[in-house]
Amino acid sequence: MTLLERFLTYVNIPTSSDEHSEAVPTAEKEFVLARRLVNDMKEIGIADAHVDGQCYVYGHIPASPGYENAKRIGFIAHLDTSPDFADGPMHAVIRRDYDGGDVVLGESGRTITGKNFPHLKTLAGRTLITTDGTTLLGADDKAGVTEILCAMEALLQSGLPHGPISIAFTPDEEVGTSADHFDLAEFAADFAYTVDGSREGEVVFENFNAASAVFEIRGYNIHPGSAKDRMINASLVAMEINAMLPAGDTPRNTEGYEGFYHLTDMRGDCESAELHYIVRDHSAPMFDARKATLCHIEKLINEKYGPGTVKLTIRDSYRNMEEMIRPVFRVVEIADEATRAAGIEPIHDPIRGGTDGARLSFMGLPCPNLGTGGYAFHGPYEHCTVEGMEKVVEILSGIVKLWAREN
């Protein structure tokens, strides 16, 4: 099976997770792909491949003779696709020798434009894969799944020496719970690489510190004719709270290592209101300062309008994995070497978001994130190229070879 055939097989299996479900996995359909992957892993020679009752797929490739004491490395990708947009039935569109120009997505009325996606011109001459604009493509993260299996298949066919290798495919990454039930003992690796980034060549070991914040506002609603100095309009208080945050610290106005407050949704009337934010910063001290700012706003509003007017709830989500990866930085250096050997200069841009690797790193499995060759995830403009995915396969194979030399 070619890389393209394998990829198209997997993306045509709908696996969007369900952010409203408390089941594990959140969507039963994730098992369909999981079981298919177990079969495919066994076909290429991963004899112990299996899926557990919570839809985590595990498999191991034993070390070559004489390499049993080499570092145990692993590769991880996720089964599910984003619930943000429809994931099926999917109609893939293959454009061979793509010209680098705007891409009209079928009859959907959507177009992938060079204005919005300046990297398009760099993909000229490649085989471009999109949908018809009515669904996700699912390259996030079925490109990663495909690349891991293709790399392992090539390794097993080549007979090249290698140390112990662990493989895992996880459910529910897109709803933030895939690390919750990850079995570190079953995976049995010293460290791993998640294959879940964007451009081929990404070797990422930094991500945001992240939290959610909710302001619950209780108003005091009386007849407006007699409201003088007594009415508390919860919706207006919500507007006041938002106005107390730095106007420039939003996703639209920040980049690189700059953090932000992001108002994700709001509701309200005179009687009650809610504001939901996500809070992000790469710097731990700045992250703590952002949360302190929110707490200060809560204090000021309650002093102004009375105790209990506002209740703030902050929940930490994940932390910057750099803290756990720096002490074992060889894991990044090896990935850099493999990337350069594939003819690409490593890209170390920090993730302006989170990754399974962050949570797994703090669970004791240092886990940088590698690019997949995909772009514009979580929406109908998602696209990737065969050549980009092939480069990732080459990088994964190179990582295995380089770690074997460390034996």
# chains A, B, ... in the order shown; residues from 1 in each chain; ligands from 1
>>> closest_atom_pairs(of="segment 289-363 of chain A", to="segment 244-256 of chain A", cutoff="9 Å", atoms="only C-alpha atoms", output="JSON lines")
{"residue": "A:Thr293", "atom": "CA", "partner": "A:Leu245", "partner_atom": "CA", "distance": 8.1}
{"residue": "A:Leu294", "atom": "CA", "partner": "A:Leu245", "partner_atom": "CA", "distance": 8.2}
{"residue": "A:Ile297", "atom": "CA", "partner": "A:Met244", "partner_atom": "CA", "distance": 7.3}
{"residue": "A:Asp349", "atom": "CA", "partner": "A:Gly256", "partner_atom": "CA", "distance": 7.3}
{"residue": "A:Pro350", "atom": "CA", "partner": "A:Gly256", "partner_atom": "CA", "distance": 6.8}
{"residue": "A:Ile351", "atom": "CA", "partner": "A:Gly256", "partner_atom": "CA", "distance": 8.4}
{"residue": "A:Arg352", "atom": "CA", "partner": "A:Gly256", "partner_atom": "CA", "distance": 7.3}
>>> select_by_dssp(residues="segment 138-360 of chain A", states="alpha helix (DSSP H)", output="PDB file with C-alpha atoms, in the first residue's frame")
ATOM      1  CA  ALA A 139      -4.713  15.237   8.037  1.00  0.00           C
ATOM      2  CA  ASP A 140      -4.774  16.269  11.697  1.00  0.00           C
ATOM      3  CA  ASP A 141      -3.754  13.699  12.621  1.00  0.00           C
ATOM      4  CA  LYS A 142      -4.215  10.926  10.072  1.00  0.00           C
ATOM      5  CA  ALA A 143      -1.173  12.270   8.269  1.00  0.00           C
ATOM      6  CA  GLY A 144       0.787  11.488  11.434  1.00  0.00           C
ATOM      7  CA  VAL A 145      -0.789   8.042  11.709  1.00  0.00           C
ATOM      8  CA  THR A 146       0.056   7.300   8.072  1.00  0.00           C
ATOM      9  CA  GLU A 147       3.628   8.532   8.388  1.00  0.00           C
ATOM     10  CA  ILE A 148       4.366   6.467  11.475  1.00  0.00           C
ATOM     11  CA  LEU A 149       3.087   3.270   9.867  1.00  0.00           C
ATOM     12  CA  CYS A 150       4.898   3.932   6.590  1.00  0.00           C
ATOM     13  CA  ALA A 151       8.158   4.596   8.443  1.00  0.00           C
ATOM     14  CA  MET A 152       7.796   1.445  10.546  1.00  0.00           C
ATOM     15  CA  GLU A 153       6.924  -0.639   7.504  1.00  0.00           C
ATOM     16  CA  ALA A 154      10.031   0.605   5.679  1.00  0.00           C
ATOM     17  CA  LEU A 155      12.167  -0.101   8.741  1.00  0.00           C
ATOM     18  CA  LEU A 156      10.913  -3.658   9.120  1.00  0.00           C
ATOM     19  CA  GLN A 157      11.400  -4.370   5.435  1.00  0.00           C
ATOM     20  CA  SER A 158      14.912  -2.923   5.376  1.00  0.00           C
ATOM     21  CA  LEU A 184       2.952   4.694  30.229  1.00  0.00           C
ATOM     22  CA  ALA A 185       3.828   1.194  31.440  1.00  0.00           C
ATOM     23  CA  GLU A 186       2.174  -0.392  28.430  1.00  0.00           C
ATOM     24  CA  PHE A 187       3.878   2.044  26.057  1.00  0.00           C
ATOM     25  CA  ALA A 234     -24.996  41.724  34.512  1.00  0.00           C
ATOM     26  CA  SER A 235     -24.365  42.174  30.794  1.00  0.00           C
ATOM     27  CA  LEU A 236     -22.924  45.635  31.338  1.00  0.00           C
ATOM     28  CA  VAL A 237     -20.732  44.299  34.141  1.00  0.00           C
ATOM     29  CA  ALA A 238     -19.486  41.650  31.704  1.00  0.00           C
ATOM     30  CA  MET A 239     -18.571  44.392  29.223  1.00  0.00           C
ATOM     31  CA  GLU A 240     -16.799  46.236  32.009  1.00  0.00           C
ATOM     32  CA  ILE A 241     -14.771  43.157  32.926  1.00  0.00           C
ATOM     33  CA  ASN A 242     -13.642  42.619  29.358  1.00  0.00           C
ATOM     34  CA  ALA A 243     -12.704  46.293  29.045  1.00  0.00           C
ATOM     35  CA  ALA A 284       5.494  30.801  33.415  1.00  0.00           C
ATOM     36  CA  PRO A 285       5.869  34.099  35.354  1.00  0.00           C
ATOM     37  CA  MET A 286       3.831  35.980  32.725  1.00  0.00           C
ATOM     38  CA  PHE A 287       1.214  33.215  32.783  1.00  0.00           C
ATOM     39  CA  ASP A 288       0.901  33.558  36.549  1.00  0.00           C
ATOM     40  CA  ALA A 289       0.655  37.341  36.127  1.00  0.00           C
ATOM     41  CA  ARG A 290      -2.199  36.940  33.644  1.00  0.00           C
ATOM     42  CA  LYS A 291      -4.137  34.785  36.076  1.00  0.00           C
ATOM     43  CA  ALA A 292      -3.419  37.288  38.844  1.00  0.00           C
ATOM     44  CA  THR A 293      -4.866  40.055  36.653  1.00  0.00           C
ATOM     45  CA  LEU A 294      -8.109  38.112  36.313  1.00  0.00           C
ATOM     46  CA  CYS A 295      -8.277  37.613  40.076  1.00  0.00           C
ATOM     47  CA  HIS A 296      -7.680  41.332  40.600  1.00  0.00           C
ATOM     48  CA  ILE A 297     -10.554  42.166  38.259  1.00  0.00           C
ATOM     49  CA  GLU A 298     -12.826  39.862  40.247  1.00  0.00           C
ATOM     50  CA  LYS A 299     -11.810  41.659  43.443  1.00  0.00           C
ATOM     51  CA  LEU A 300     -12.396  45.152  41.981  1.00  0.00           C
ATOM     52  CA  ILE A 301     -15.831  44.302  40.587  1.00  0.00           C
ATOM     53  CA  ASN A 302     -16.993  42.783  43.855  1.00  0.00           C
ATOM     54  CA  GLU A 303     -15.723  45.827  45.743  1.00  0.00           C
ATOM     55  CA  LYS A 304     -17.609  48.113  43.365  1.00  0.00           C
ATOM     56  CA  TYR A 305     -20.935  46.267  43.109  1.00  0.00           C
ATOM     57  CA  GLU A 322      10.212  22.847  27.562  1.00  0.00           C
ATOM     58  CA  GLU A 323      10.634  22.537  31.320  1.00  0.00           C
ATOM     59  CA  MET A 324      10.701  18.740  31.035  1.00  0.00           C
ATOM     60  CA  ILE A 325      12.531  18.434  27.708  1.00  0.00           C
ATOM     61  CA  ARG A 330      19.298  15.017  23.091  1.00  0.00           C
ATOM     62  CA  VAL A 331      15.771  13.997  22.097  1.00  0.00           C
ATOM     63  CA  VAL A 332      15.501  17.288  20.201  1.00  0.00           C
ATOM     64  CA  GLU A 333      19.042  17.194  18.838  1.00  0.00           C
ATOM     65  CA  ILE A 334      18.464  13.778  17.281  1.00  0.00           C
ATOM     66  CA  ALA A 335      15.268  15.005  15.595  1.00  0.00           C
ATOM     67  CA  ASP A 336      17.156  18.048  14.318  1.00  0.00           C
ATOM     68  CA  GLU A 337      19.880  15.835  12.845  1.00  0.00           C
ATOM     69  CA  ALA A 338      17.339  13.603  11.130  1.00  0.00           C
ATOM     70  CA  THR A 339      15.523  16.636   9.738  1.00  0.00           C
ATOM     71  CA  ARG A 340      18.709  18.120   8.300  1.00  0.00           C
ATOM     72  CA  ALA A 341      19.617  14.732   6.810  1.00  0.00           C
ATOM     73  CA  ASP A 356      -0.345  15.735  23.915  1.00  0.00           C
ATOM     74  CA  GLY A 357       3.407  15.927  24.223  1.00  0.00           C
ATOM     75  CA  ALA A 358       3.078  18.622  26.873  1.00  0.00           C
ATOM     76  CA  ARG A 359       0.962  16.517  29.190  1.00  0.00           C
ATOM     77  CA  LEU A 360       2.921  13.350  28.468  1.00  0.00           C
TER      78      LEU A 360
END
>>> closest_residue(among="A:Asn369, A:Ser212, A:Thr111, A:Ser166", to="Lys71 of chain A", atoms="only C-alpha atoms")
A:Ser166
>>> closest_atom_pairs(of="segment 312-406 of chain A", to="segment 131-135 of chain A", cutoff="9 Å", atoms="only C-alpha atoms", output="Markdown table")
| residue | atom | partner | partner_atom | distance |
| --- | --- | --- | --- | --- |
| A:Gly379 | CA | A:Thr135 | CA | 7.5 |
| A:Pro380 | CA | A:Gly133 | CA | 5.0 |
| A:Tyr381 | CA | A:Gly133 | CA | 6.7 |
| A:Glu382 | CA | A:Thr131 | CA | 7.8 |
| A:His383 | CA | A:Thr131 | CA | 7.8 |
>>> residues_around(residues="Pro83 of chain A", least_positions_apart="2", cutoff="7 Å", atoms="only C-alpha atoms", output="CSV table (one decimal) with N, CA and C atoms, in the first residue's frame")
chain,number,residue,atom,x,y,z
A,16,SER,N,-14.4,12.0,14.2
A,16,SER,CA,-14.4,13.2,15.0
A,16,SER,C,-14.8,12.9,16.4
A,17,SER,N,-14.1,13.4,17.4
A,17,SER,CA,-14.4,13.2,18.8
A,17,SER,C,-15.5,14.1,19.2
A,18,ASP,N,-16.1,13.9,20.4
A,18,ASP,CA,-17.3,14.6,20.8
A,18,ASP,C,-17.0,15.4,22.1
A,81,THR,N,-10.4,13.3,14.8
A,81,THR,CA,-10.3,14.6,14.1
A,81,THR,C,-11.2,15.6,14.9
A,85,PHE,N,-15.7,20.9,12.7
A,85,PHE,CA,-16.3,20.9,11.4
A,85,PHE,C,-16.6,19.5,10.9
